Structure formats: structure tokens, C-alpha cells
file target_36.cif (mmCIF, C-alpha atoms and all ligand atoms)
data_query
loop_
_atom_site.group_PDB
_atom_site.id
_atom_site.type_symbol
_atom_site.label_atom_id
_atom_site.label_comp_id
_atom_site.auth_asym_id
_atom_site.auth_seq_id
_atom_site.Cartn_x
_atom_site.Cartn_y
_atom_site.Cartn_z
ATOM 1 C CA MET A 1 0.000 0.000 0.000
ATOM 2 C CA ALA A 2 1.356 3.403 -0.928
ATOM 3 C CA GLY A 3 1.933 5.628 2.038
ATOM 4 C CA MET A 4 1.175 8.890 0.265
ATOM 5 C CA SER A 5 -1.789 9.780 2.440
ATOM 6 C CA GLU A 6 -0.172 8.645 5.661
ATOM 7 C CA SER A 7 1.047 11.078 8.231
ATOM 8 C CA ILE A 8 3.602 10.777 10.970
ATOM 9 C CA PRO A 9 2.058 9.925 14.351
ATOM 10 C CA ALA A 10 2.234 12.944 16.653
ATOM 11 C CA TYR A 11 1.378 13.287 20.334
ATOM 12 C CA GLU A 12 1.915 15.567 23.300
ATOM 13 C CA ALA A 13 4.847 14.164 25.285
ATOM 14 C CA THR A 14 3.985 12.475 28.583
ATOM 15 C CA GLN A 15 5.350 13.924 31.839
ATOM 16 C CA SER A 16 7.628 10.939 32.473
ATOM 17 C CA GLY A 17 8.654 10.494 28.853
ATOM 18 C CA ALA A 18 7.320 6.926 28.935
ATOM 19 C CA LEU A 19 5.421 6.056 25.769
ATOM 20 C CA THR A 20 1.762 5.063 26.068
ATOM 21 C CA PRO A 21 0.710 1.775 24.397
ATOM 22 C CA ALA A 22 -0.847 3.808 21.550
ATOM 23 C CA MET A 23 2.372 5.772 20.998
ATOM 24 C CA LEU A 24 4.438 2.622 21.026
ATOM 25 C CA ALA A 25 2.084 0.862 18.582
ATOM 26 C CA ASP A 26 2.331 3.857 16.219
ATOM 27 C CA TYR A 27 6.116 3.931 16.532
ATOM 28 C CA ARG A 28 6.352 0.240 15.684
ATOM 29 C CA GLU A 29 4.091 0.794 12.672
ATOM 30 C CA SER A 30 5.638 4.028 11.339
ATOM 31 C CA GLY A 31 9.226 3.843 12.569
ATOM 32 C CA VAL A 32 8.938 7.449 13.690
ATOM 33 C CA LEU A 33 7.057 9.342 16.377
ATOM 34 C CA ILE A 34 6.636 13.086 16.969
ATOM 35 C CA LEU A 35 6.392 14.081 20.658
ATOM 36 C CA ARG A 36 5.402 17.736 21.018
ATOM 37 C CA ASN A 37 6.493 19.851 23.995
ATOM 38 C CA PHE A 38 8.961 17.224 25.141
ATOM 39 C CA VAL A 39 11.321 19.980 26.298
ATOM 40 C CA SER A 40 10.478 23.583 27.154
ATOM 41 C CA ARG A 41 11.273 26.464 24.835
ATOM 42 C CA ASP A 42 13.440 27.849 27.651
ATOM 43 C CA ASP A 43 15.541 24.679 27.640
ATOM 44 C CA CYS A 44 15.838 24.921 23.846
ATOM 45 C CA ASP A 45 16.974 28.534 24.156
ATOM 46 C CA SER A 46 19.547 27.656 26.849
ATOM 47 C CA LEU A 47 21.056 24.922 24.681
ATOM 48 C CA LYS A 48 21.104 27.261 21.691
ATOM 49 C CA GLN A 49 22.780 29.944 23.812
ATOM 50 C CA ARG A 50 25.449 27.506 24.982
ATOM 51 C CA MET A 51 26.158 26.476 21.392
ATOM 52 C CA LEU A 52 26.393 30.096 20.286
ATOM 53 C CA GLU A 53 29.041 30.638 22.995
ATOM 54 C CA MET A 54 30.978 27.673 21.602
ATOM 55 C CA VAL A 55 30.609 29.073 18.077
ATOM 56 C CA ASP A 56 31.910 32.448 19.307
ATOM 57 C CA ALA A 57 35.078 30.721 20.519
ATOM 58 C CA PHE A 58 35.493 28.849 17.217
ATOM 59 C CA ASP A 59 37.911 30.337 14.691
ATOM 60 C CA PRO A 60 36.921 29.290 11.152
ATOM 61 C CA ALA A 61 40.481 29.965 9.968
ATOM 62 C CA THR A 62 41.509 26.787 11.845
ATOM 63 C CA VAL A 63 39.425 24.659 9.475
ATOM 64 C CA LYS A 64 39.621 26.726 6.312
ATOM 65 C CA THR A 65 41.876 24.241 4.574
ATOM 66 C CA VAL A 66 39.634 21.351 5.613
ATOM 67 C CA PHE A 67 36.611 22.874 3.912
ATOM 68 C CA SER A 68 38.163 24.753 1.024
ATOM 69 C CA THR A 69 37.437 23.135 -2.324
ATOM 70 C CA ALA A 70 41.158 22.902 -3.059
ATOM 71 C CA SER A 71 41.938 20.714 -0.039
ATOM 72 C CA ASP A 72 42.575 17.051 -0.497
ATOM 73 C CA SER A 73 39.676 14.987 0.802
ATOM 74 C CA HIS A 74 41.898 13.004 3.184
ATOM 75 C CA GLN A 75 42.236 16.000 5.427
ATOM 76 C CA ALA A 76 38.469 16.458 5.538
ATOM 77 C CA ASP A 77 37.955 12.719 6.117
ATOM 78 C CA ASP A 78 40.374 12.682 9.052
ATOM 79 C CA TYR A 79 38.819 15.784 10.598
ATOM 80 C CA PHE A 80 35.468 13.979 10.480
ATOM 81 C CA ILE A 81 36.597 10.465 11.434
ATOM 82 C CA GLU A 82 38.516 11.655 14.496
ATOM 83 C CA SER A 83 35.552 13.655 15.825
ATOM 84 C CA GLY A 84 33.723 10.812 17.628
ATOM 85 C CA ASP A 85 35.018 11.845 21.048
ATOM 86 C CA LYS A 86 35.520 15.549 20.347
ATOM 87 C CA ILE A 87 33.622 18.762 19.664
ATOM 88 C CA ARG A 88 34.326 19.706 16.072
ATOM 89 C CA PHE A 89 32.809 22.276 13.759
ATOM 90 C CA PHE A 90 31.657 21.405 10.240
ATOM 91 C CA LEU A 91 30.938 24.179 7.772
ATOM 92 C CA GLU A 92 28.341 24.146 5.018
ATOM 93 C CA ASP A 93 29.475 23.742 1.445
ATOM 94 C CA GLY A 94 29.602 27.240 0.059
ATOM 95 C CA ALA A 95 30.298 28.867 3.434
ATOM 96 C CA PHE A 96 33.385 30.648 2.078
ATOM 97 C CA ASP A 97 33.357 33.105 -0.811
ATOM 98 C CA ASP A 98 36.052 33.192 -3.522
ATOM 99 C CA GLU A 99 38.285 35.342 -1.310
ATOM 100 C CA GLY A 100 38.104 32.804 1.530
ATOM 101 C CA ASN A 101 35.795 34.885 3.717
ATOM 102 C CA LEU A 102 32.608 33.577 5.257
ATOM 103 C CA ARG A 103 29.558 34.751 3.339
ATOM 104 C CA GLN A 104 27.338 34.792 6.442
ATOM 105 C CA SER A 105 27.850 34.938 10.219
ATOM 106 C CA LYS A 106 29.735 32.024 11.802
ATOM 107 C CA ALA A 107 26.529 30.430 13.161
ATOM 108 C CA ASP A 108 24.903 30.838 9.737
ATOM 109 C CA SER A 109 27.888 29.155 8.034
ATOM 110 C CA LEU A 110 27.897 25.934 10.029
ATOM 111 C CA ASN A 111 26.378 22.652 8.939
ATOM 112 C CA LYS A 112 26.839 20.967 12.307
ATOM 113 C CA VAL A 113 28.937 20.507 15.429
ATOM 114 C CA GLY A 114 29.715 16.965 16.622
ATOM 115 C CA HIS A 115 30.022 14.388 18.009
ATOM 116 C CA ALA A 116 30.555 14.317 21.772
ATOM 117 C CA MET A 117 29.055 17.489 23.284
ATOM 118 C CA HIS A 118 26.911 15.251 25.498
ATOM 119 C CA ASP A 119 30.085 13.860 27.082
ATOM 120 C CA LEU A 120 32.309 16.939 27.075
ATOM 121 C CA ASP A 121 30.085 19.926 27.833
ATOM 122 C CA PRO A 122 28.082 20.174 31.100
ATOM 123 C CA VAL A 123 25.135 22.043 29.560
ATOM 124 C CA PHE A 124 24.801 19.513 26.748
ATOM 125 C CA ASP A 125 25.334 16.647 29.176
ATOM 126 C CA ALA A 126 22.436 17.831 31.359
ATOM 127 C CA PHE A 127 20.097 18.298 28.370
ATOM 128 C CA SER A 128 21.000 14.867 26.969
ATOM 129 C CA ARG A 129 20.593 12.587 29.987
ATOM 130 C CA THR A 130 17.287 13.502 31.609
ATOM 131 C CA PRO A 131 15.104 10.879 33.330
ATOM 132 C CA LYS A 132 12.442 11.817 30.766
ATOM 133 C CA LEU A 133 14.711 10.577 27.964
ATOM 134 C CA ALA A 134 15.475 7.486 30.036
ATOM 135 C CA GLY A 135 11.699 6.949 30.053
ATOM 136 C CA VAL A 136 11.539 7.037 26.246
ATOM 137 C CA ALA A 137 14.500 4.674 25.904
ATOM 138 C CA ALA A 138 13.015 2.201 28.388
ATOM 139 C CA SER A 139 9.704 2.242 26.498
ATOM 140 C CA LEU A 140 11.532 1.506 23.254
ATOM 141 C CA GLY A 141 13.018 -1.596 24.873
ATOM 142 C CA PHE A 142 16.621 -0.509 25.346
ATOM 143 C CA GLU A 143 18.265 -2.760 27.951
ATOM 144 C CA GLU A 144 21.343 -0.606 28.414
ATOM 145 C CA PRO A 145 21.116 2.567 26.302
ATOM 146 C CA GLY A 146 24.327 4.332 25.380
ATOM 147 C CA ILE A 147 24.488 7.765 23.727
ATOM 148 C CA ILE A 148 26.981 7.102 20.959
ATOM 149 C CA GLN A 149 26.904 10.582 19.425
ATOM 150 C CA SER A 150 25.447 14.066 19.632
ATOM 151 C CA MET A 151 25.103 16.551 16.810
ATOM 152 C CA TYR A 152 24.017 20.166 16.767
ATOM 153 C CA ILE A 153 22.537 20.873 13.343
ATOM 154 C CA PHE A 154 22.253 24.479 12.139
ATOM 155 C CA LYS A 155 20.524 24.179 8.741
ATOM 156 C CA PRO A 156 21.389 27.830 8.186
ATOM 157 C CA PRO A 157 19.278 30.187 6.070
ATOM 158 C CA ARG A 158 19.960 30.251 2.307
ATOM 159 C CA ILE A 159 22.933 27.832 2.329
ATOM 160 C CA GLY A 160 21.638 25.008 4.575
ATOM 161 C CA GLY A 161 22.209 21.959 2.389
ATOM 162 C CA GLU A 162 20.011 19.043 1.456
ATOM 163 C CA VAL A 163 20.588 15.742 3.302
ATOM 164 C CA LEU A 164 19.974 12.813 0.978
ATOM 165 C CA CYS A 165 17.649 9.981 1.983
ATOM 166 C CA HIS A 166 19.415 7.513 4.275
ATOM 167 C CA GLN A 167 19.015 5.176 7.240
ATOM 168 C CA ASP A 168 21.059 5.944 10.351
ATOM 169 C CA SER A 169 21.872 2.269 10.981
ATOM 170 C CA THR A 170 23.976 2.486 7.811
ATOM 171 C CA TYR A 171 26.465 4.538 9.840
ATOM 172 C CA ILE A 172 25.687 3.484 13.413
ATOM 173 C CA TYR A 173 25.492 -0.249 13.009
ATOM 174 C CA THR A 174 25.230 -2.780 15.807
ATOM 175 C CA GLU A 175 24.646 -6.531 15.817
ATOM 176 C CA PRO A 176 21.726 -6.902 16.144
ATOM 177 C CA GLU A 177 20.686 -3.430 14.928
ATOM 178 C CA SER A 178 19.693 -1.159 17.815
ATOM 179 C CA CYS A 179 20.256 2.448 16.700
ATOM 180 C CA ALA A 180 17.533 5.013 17.315
ATOM 181 C CA GLY A 181 17.610 8.742 16.648
ATOM 182 C CA PHE A 182 16.400 11.303 19.202
ATOM 183 C CA TRP A 183 15.973 14.584 17.312
ATOM 184 C CA PHE A 184 15.050 17.802 19.130
ATOM 185 C CA ALA A 185 13.689 20.862 17.339
ATOM 186 C CA LEU A 186 15.396 23.830 19.014
ATOM 187 C CA GLU A 187 13.705 26.170 16.527
ATOM 188 C CA ASP A 188 10.496 25.603 14.589
ATOM 189 C CA ALA A 189 11.190 23.145 11.776
ATOM 190 C CA THR A 190 8.874 23.778 8.832
ATOM 191 C CA ILE A 191 8.603 22.726 5.197
ATOM 192 C CA GLU A 192 10.034 26.165 4.271
ATOM 193 C CA ASN A 193 13.232 25.837 6.329
ATOM 194 C CA GLY A 194 13.922 22.202 5.472
ATOM 195 C CA CYS A 195 12.294 19.993 8.120
ATOM 196 C CA MET A 196 13.016 16.269 8.110
ATOM 197 C CA ARG A 197 10.857 14.020 5.960
ATOM 198 C CA PHE A 198 10.144 10.321 6.541
ATOM 199 C CA ILE A 199 8.559 7.417 4.696
ATOM 200 C CA PRO A 200 6.182 5.986 7.323
ATOM 201 C CA GLY A 201 6.479 2.204 7.631
ATOM 202 C CA ALA A 202 9.583 1.992 5.435
ATOM 203 C CA HIS A 203 11.715 0.956 8.431
ATOM 204 C CA LYS A 204 10.253 -2.543 7.993
ATOM 205 C CA ALA A 205 12.268 -2.973 4.775
ATOM 206 C CA PRO A 206 15.938 -4.000 4.801
ATOM 207 C CA LEU A 207 18.935 -1.864 5.610
ATOM 208 C CA ARG A 208 20.144 -0.669 2.192
ATOM 209 C CA LYS A 209 23.772 0.161 2.882
ATOM 210 C CA ARG A 210 26.467 -0.301 5.437
ATOM 211 C CA ASN A 211 29.182 2.317 5.787
ATOM 212 C CA TYR A 212 32.351 1.158 7.490
ATOM 213 C CA ARG A 213 36.125 1.426 7.520
ATOM 214 C CA ASP A 214 38.121 -1.380 5.988
ATOM 215 C CA GLU A 215 41.438 -2.605 7.379
ATOM 216 C CA SER A 216 43.334 0.167 5.578
ATOM 217 C CA GLY A 217 41.062 2.766 7.210
ATOM 218 C CA ALA A 218 39.302 3.644 3.964
ATOM 219 C CA ILE A 219 35.551 4.247 4.128
ATOM 220 C CA VAL A 220 33.499 1.614 2.315
ATOM 221 C CA ASN A 221 29.872 2.084 1.282
ATOM 222 C CA GLU A 222 28.627 -1.461 0.919
ATOM 223 C CA ILE A 223 25.280 -1.940 -0.819
ATOM 224 C CA ILE A 224 23.255 -4.602 1.001
ATOM 225 C CA ASP A 225 19.918 -4.151 -0.772
ATOM 226 C CA GLU A 226 19.371 -2.233 -4.008
ATOM 227 C CA THR A 227 15.695 -1.427 -3.451
ATOM 228 C CA PRO A 228 15.404 2.344 -3.931
ATOM 229 C CA PHE A 229 13.677 4.530 -1.344
ATOM 230 C CA ASP A 230 10.227 5.553 -2.520
ATOM 231 C CA LEU A 231 10.721 9.289 -2.329
ATOM 232 C CA ALA A 232 7.183 9.935 -3.610
ATOM 233 C CA ASP A 233 5.932 8.628 -0.254
ATOM 234 C CA THR A 234 7.819 11.002 2.036
ATOM 235 C CA VAL A 235 5.908 12.960 4.633
ATOM 236 C CA PRO A 236 7.208 16.143 6.305
ATOM 237 C CA ALA A 237 7.924 16.016 10.029
ATOM 238 C CA GLU A 238 7.128 19.630 10.856
ATOM 239 C CA ALA A 239 8.097 20.218 14.454
ATOM 240 C CA PRO A 240 7.664 23.293 16.658
ATOM 241 C CA ALA A 241 10.578 24.110 18.972
ATOM 242 C CA GLY A 242 10.546 21.750 21.958
ATOM 243 C CA THR A 243 9.435 18.739 19.898
ATOM 244 C CA LEU A 244 11.274 15.416 20.114
ATOM 245 C CA VAL A 245 11.191 13.238 17.004
ATOM 246 C CA VAL A 246 12.179 9.640 17.775
ATOM 247 C CA PHE A 247 12.964 7.323 14.901
ATOM 248 C CA ASP A 248 14.188 3.840 14.174
ATOM 249 C CA GLY A 249 17.716 3.354 12.818
ATOM 250 C CA ARG A 250 16.157 1.809 9.717
ATOM 251 C CA ALA A 251 13.681 4.629 9.092
ATOM 252 C CA PRO A 252 14.593 6.323 5.781
ATOM 253 C CA HIS A 253 14.648 10.102 6.138
ATOM 254 C CA TYR A 254 15.971 13.162 4.409
ATOM 255 C CA SER A 255 15.681 16.931 4.494
ATOM 256 C CA GLY A 256 15.629 19.448 1.703
ATOM 257 C CA PRO A 257 17.786 22.565 1.518
ATOM 258 C CA ASN A 258 16.925 25.576 3.614
ATOM 259 C CA LEU A 259 16.199 28.260 1.038
ATOM 260 C CA SER A 260 14.349 30.431 3.549
ATOM 261 C CA ASP A 261 15.794 33.269 5.604
ATOM 262 C CA ARG A 262 15.256 31.438 8.920
ATOM 263 C CA SER A 263 17.668 28.927 10.483
ATOM 264 C CA ARG A 264 16.438 25.514 11.611
ATOM 265 C CA HIS A 265 18.556 24.551 14.617
ATOM 266 C CA ALA A 266 18.171 20.994 15.901
ATOM 267 C CA TYR A 267 20.000 18.752 18.346
ATOM 268 C CA THR A 268 20.236 15.012 17.875
ATOM 269 C CA LEU A 269 21.351 12.061 19.937
ATOM 270 C CA HIS A 270 21.928 8.609 18.578
ATOM 271 C CA VAL A 271 21.333 5.813 21.012
ATOM 272 C CA ILE A 272 22.457 2.210 20.761
ATOM 273 C CA ASP A 273 21.950 -0.726 23.076
ATOM 274 C CA GLN A 274 25.189 -1.609 24.820
ATOM 275 C CA ALA A 275 23.906 -5.173 25.042
ATOM 276 C CA CYS A 276 24.546 -5.327 21.266
ATOM 277 C CA HIS A 277 27.916 -5.664 19.548
ATOM 278 C CA TYR A 278 29.391 -2.380 18.286
ATOM 279 C CA PRO A 279 31.871 -3.204 15.492
ATOM 280 C CA GLU A 280 35.280 -1.595 15.477
ATOM 281 C CA SER A 281 34.753 -0.998 11.768
ATOM 282 C CA ASN A 282 32.090 1.673 12.423
ATOM 283 C CA TRP A 283 33.553 5.082 11.551
ATOM 284 C CA LEU A 284 32.366 6.489 14.879
ATOM 285 C CA GLN A 285 34.767 5.472 17.626
ATOM 286 C CA ARG A 286 35.664 6.891 21.008
ATOM 287 C CA ASN A 287 38.763 6.800 23.138
ATOM 288 C CA ALA A 288 38.677 4.372 26.087
ATOM 289 C CA ASP A 289 38.961 7.327 28.477
ATOM 290 C CA LEU A 290 35.493 8.464 27.384
ATOM 291 C CA PRO A 291 33.277 5.455 28.104
ATOM 292 C CA LEU A 292 29.839 5.173 26.545
ATOM 293 C CA ARG A 293 27.106 6.238 28.956
ATOM 294 C CA GLY A 294 23.309 6.296 28.885
ATOM 295 C CA PHE A 295 20.648 8.422 30.576
ATOM 296 C CA HIS A 296 20.083 9.277 34.225
ATOM 297 C CA ALA A 297 17.129 7.183 35.359
HETATM 298 FE FE FE2 A 301 20.065 10.716 9.705
#
call {"tool": "encode", "arguments": {"input": "target_36.cif", "output": "C-alpha cells", "more": "lines below"}}
Ligand code: FE2
result
Amino acid sequence: MAGMSESIPAYEATQSGALTPAMLADYRESGVLILRNFVSRDDCDSLKQRMLEMVDAFDPATVKTVFSTASDSHQADDYFIESGDKIRFFLEDGAFDDEGNLRQSKADSLNKVGHAMHDLDPVFDAFSRTPKLAGVAASLGFEEPGIIQSMYIFKPPRIGGEVLCHQDSTYIYTEPESCAGFWFALEDATIENGCMRFIPGAHKAPLRKRNYRDESGAIVNEIIDETPFDLADTVPAEAPAGTLVVFDGRAPHYSGPNLSDRSRHAYTLHVIDQACHYPESNWLQRNADLPLRGFHA
């Protein structure tokens, strides 16, 4: 059955974060669930403020070679691959003009910051490990949740790029698969500013690709299943600030470019079950001095 008329299940978040049976049934069916007012707008603003302080302290000149078109891609690959236990800044394509100056403000030039704010920054740590989130994870059946990465996504006005349709378990793969995305709208995400889009129910189909590092360290994109994503069936996940969107690691999703004049800041956590095997071939690795941790119950 085509999913063109389907919508993404949306509810008001519960006080405890625990999912009701109806929410859980919808999540199992759709692979994605919108929980409105999961966090307060004040908490969104505080997290945004903290990130803007970090952006203030960031000097784009330190990464200019990484993101300039002339750089060799190895440098950019290393900057990314080594970021699993750090706080690193990733600029949008087209952030610099021909003279090497940023076209827009620093915050409006960034694609994202990742991937360990939840471990390294106290404000992000507090936002990321609430008992309410523990409630969601417990409802989803996580035995021992671990927050494997955090990302702050800017989707800046005018230059915020498209993210092609993908499944997160392609990149955050465990055996058996356990990845789930916890995506917070820190600003209103709308069709105009490039909200996420999902294909409800498509998480029941196979994982299409696995992305991993081979023994030489090179990134491999292995095709597991050639079935294309049915992009005609995507549904927008519009989300007012304070909304949590939870989705299955197999749920195909993408977001269009932000051609509007409003940013679309979001914060995401990816959670895996530590009861599952986490291959050393996953690109995302952390130093042993930064052990994987879950939520505060
Ligand atoms: Fe994703």
C-alpha cells in the first residue's frame, strides 16, 4: 500500500517520557514518532545559547583548509573520522566566498557541530541525559542505552544543504541493529526551512547500505539491498521548537535545503543498546577514556 496519504504519528509528550501503548504501537508501525512539547522552549533557548558561545570561541580559519574546495579529501575525512570523542565544527558547502571569507555569520555558516558534546560539555550533558529521555529509551526496549553521538545541526538560512535519503543504521550499526535517533527541534522546523521528511512504515524494509572502515582505514559504502527509497511517499515532520522526534535506525529520512531566511537549529542524539555488539569498523569510535554512557534514570 502506498503511504502517500499517511502522516507521521504525533502526540503531546507524557510527563515521564514513557510512551503510552498507543504511541508505542504507532512507533512500531511508522518507525517514527513526533512528541510535542517534550522539552520547554526555555531549555531549547539555553542549549542554543550555549552552542552560540561555543561558536563564538570557534575560529573558522583553523578549518579553512579542511573545507576549502582545493583541499585534499583526506584531510576532511580525518577531521570527520577523528571527531567521535571531540567537539568539532563542520561548515556548510559554500560557506566561504572566492576570497576565503565567510559569506554569512559564523553560526549561519555551520552545517553541524559533533560528536561528543553530550560527554564533554556540562550544559549539553544535562540536556541529553534527563530521566524523561530514560523513560523514552526504556519504552523503546533498550536494555542498556548508550548515547553514541550528539550533533548540533544548524541548517542555516539560504545555504543550509540538502541531506539525501538515508538510514542511520547504515552509519551506526550494531549486531543486532539497535540504533535510534532522538531529534530535538530547538527552533520551529517547517517545510520552508527544510524539516526532516520520513517514509512511514519503510523501516520494515531491509537496511540498504552499510558504511564502514576497511582494514586500511578507507571508508566503504557497501550496498546490502538495491531497493530504492520511494521518495514519492515522504511525509514532512514539521516540528515546533521543543518537539522530540524519535525514529528507528532503519527509518529512511531526508531533508531538503533551507532556502528560507530562517535557520532551523536541531539537536540530535543517537542511542544504541550496549547489550549489542558495536563493530570496530564503524567510523564512529571513542577513546577508552570516554566510556559510553546512557541516561540518568
Ligand atoms: Fe540521519
call {"tool": "residues_near_point", "arguments": {"input": "target_36.cif", "point": "(21.9, 19.3, 9.9)", "cutoff": "6 Å", "atoms": "all atoms listed in the file", "output": "VMD selection string"}}
result
chain A and resid 111 to 112 153 to 155
call {"tool": "residues_around", "arguments": {"input": "target_36.cif", "residues": "Ala13 (chain A)", "least_positions_apart": "4", "cutoff": "7 Å", "atoms": "only C-alpha atoms", "output": "list in words"}}
result
Gly17, Leu35, Arg36, Asn37 and Phe38 of chain A
call {"tool": "residues_around", "arguments": {"input": "target_36.cif", "residues": "region 91-98 of chain A", "least_positions_apart": "4", "cutoff": "12 Å", "atoms": "all atoms listed in the file", "output": "PyMOL selection string"}}
result
chain A and resi 55+58-70+76+79-80+102-114+153-163+257-258
call {"tool": "residues_near_ligand", "arguments": {"input": "target_36.cif", "ligand": "ligand FE2 301 (chain A)", "cutoff": "10 Å", "atoms": "all atoms listed in the file", "output": "list of chain:residue names"}}
result
A:Val163, A:Leu164, A:Cys165, A:His166, A:Gln167, A:Asp168, A:Ser169, A:Thr170, A:Tyr171, A:Ile172, A:Ala180, A:Gly181, A:Trp183, A:Met196, A:Phe247, A:Gly249, A:Arg250, A:Ala251, A:Pro252, A:His253, A:Tyr254, A:Ser255, A:Thr268, A:His270
call {"tool": "residues_around", "arguments": {"input": "target_36.cif", "residues": "region 142-148 of chain A", "least_positions_apart": "2", "cutoff": "8 Å", "atoms": "all atoms listed in the file", "output": "PDB file with C-alpha atoms, keeping the file's coordinate frame"}}
result
ATOM      1  CA  ALA A 137      14.500   4.674  25.904  1.00  0.00           C
ATOM      2  CA  ALA A 138      13.015   2.201  28.388  1.00  0.00           C
ATOM      3  CA  SER A 139       9.704   2.242  26.498  1.00  0.00           C
ATOM      4  CA  LEU A 140      11.532   1.506  23.254  1.00  0.00           C
ATOM      5  CA  SER A 150      25.447  14.066  19.632  1.00  0.00           C
ATOM      6  CA  LEU A 269      21.351  12.061  19.937  1.00  0.00           C
ATOM      7  CA  HIS A 270      21.928   8.609  18.578  1.00  0.00           C
ATOM      8  CA  VAL A 271      21.333   5.813  21.012  1.00  0.00           C
ATOM      9  CA  ILE A 272      22.457   2.210  20.761  1.00  0.00           C
ATOM     10  CA  ASP A 273      21.950  -0.726  23.076  1.00  0.00           C
ATOM     11  CA  GLN A 274      25.189  -1.609  24.820  1.00  0.00           C
ATOM     12  CA  ALA A 275      23.906  -5.173  25.042  1.00  0.00           C
ATOM     13  CA  LEU A 292      29.839   5.173  26.545  1.00  0.00           C
ATOM     14  CA  ARG A 293      27.106   6.238  28.956  1.00  0.00           C
ATOM     15  CA  GLY A 294      23.309   6.296  28.885  1.00  0.00           C
ATOM     16  CA  PHE A 295      20.648   8.422  30.576  1.00  0.00           C
TER      17      PHE A 295
END
call {"tool": "atom_distance", "arguments": {"input": "target_36.cif", "atom1": "CA of Thr130 (chain A)", "atom2": "CA of Asp26 (chain A)"}}
result
23.5 Å
call {"tool": "atom_distance", "arguments": {"input": "target_36.cif", "atom1": "CA of His118 (chain A)", "atom2": "CA of Glu187 (chain A)"}}
result
19.3 Å
call {"tool": "closest_atom_pairs", "arguments": {"input": "target_36.cif", "of": "region 74-143 of chain A", "to": "region 211-222 of chain A", "cutoff": "10 Å", "atoms": "all atoms listed in the file", "output": "JSON lines"}}
result
{"residue": "A:His74", "atom": "CA", "partner": "A:Ala218", "partner_atom": "CA", "distance": 9.7}
{"residue": "A:Asp77", "atom": "CA", "partner": "A:Ile219", "partner_atom": "CA", "distance": 9.0}
{"residue": "A:Ile81", "atom": "CA", "partner": "A:Ile219", "partner_atom": "CA", "distance": 9.7}
call {"tool": "closest_atom_pairs", "arguments": {"input": "target_36.cif", "of": "region 110-193 of chain A", "to": "region 45-48 of chain A", "cutoff": "9 Å", "atoms": "only C-alpha atoms", "output": "tab-separated table"}}
result
residue	atom	partner	partner_atom	distance
A:Val123	CA	A:Leu47	CA	7.0
A:Phe124	CA	A:Leu47	CA	6.9
A:Phe127	CA	A:Leu47	CA	7.6
A:Leu186	CA	A:Asp45	CA	7.1
A:Glu187	CA	A:Asp45	CA	8.6
call {"tool": "residues_around", "arguments": {"input": "target_36.cif", "residues": "region 202-206 of chain A", "least_positions_apart": "2", "cutoff": "10 Å", "atoms": "all atoms listed in the file", "output": "ChimeraX atom specification"}}
result
/A:3,28-32,167,198-200,208-209,224-227,229-230,233-234,247-253
call {"tool": "atom_distance", "arguments": {"input": "target_36.cif", "atom1": "CA of Tyr267 (chain A)", "atom2": "CA of Met151 (chain A)"}}
result
5.8 Å
call {"tool": "closest_residue", "arguments": {"input": "target_36.cif", "among": "A:Tyr278, A:Phe89, A:Trp283, A:Tyr152", "to": "Cys179 (chain A)", "atoms": "all atoms listed in the file"}}
result
A:Tyr278
call {"tool": "resolve_selection", "arguments": {"input": "target_36.cif", "expression": "the PyMOL selection byres (((chain A and resi 16) around 7) and not hetatm)", "output": "list in words"}}
result
Thr14, Gln15, Gly17, Ala18, Lys132 and Gly135 of chain A
call {"tool": "write_last_selection", "arguments": {"input": "target_36.cif", "atoms": "C-alpha atoms", "output": "compact mmCIF listing (two decimals), in the coordinates of the input"}}
result
# COMPACT_ATOMS: atom_id res chain seq x y z
CA THR A 14 3.98 12.48 28.58
CA GLN A 15 5.35 13.92 31.84
CA GLY A 17 8.65 10.49 28.85
CA ALA A 18 7.32 6.93 28.94
CA LYS A 132 12.44 11.82 30.77
CA GLY A 135 11.70 6.95 30.05
call {"tool": "resolve_selection", "arguments": {"input": "target_36.cif", "expression": "the PyMOL selection byres (((chain A and resi 120) around 12) and not hetatm)", "output": "ChimeraX atom specification"}}
result
/A:84-88,114-119,121-126,128,149-150,289-291
call {"tool": "axis_aligned_box", "arguments": {"input": "target_36.cif", "around": "region 126-143 of chain A", "padding_each_side": "8 Å", "output": "lines of an AutoDock Vina configuration file"}}
result
center_x = 16.1
center_y = 7.8
center_z = 28.3
size_x = 28.7
size_y = 37.1
size_z = 26.1
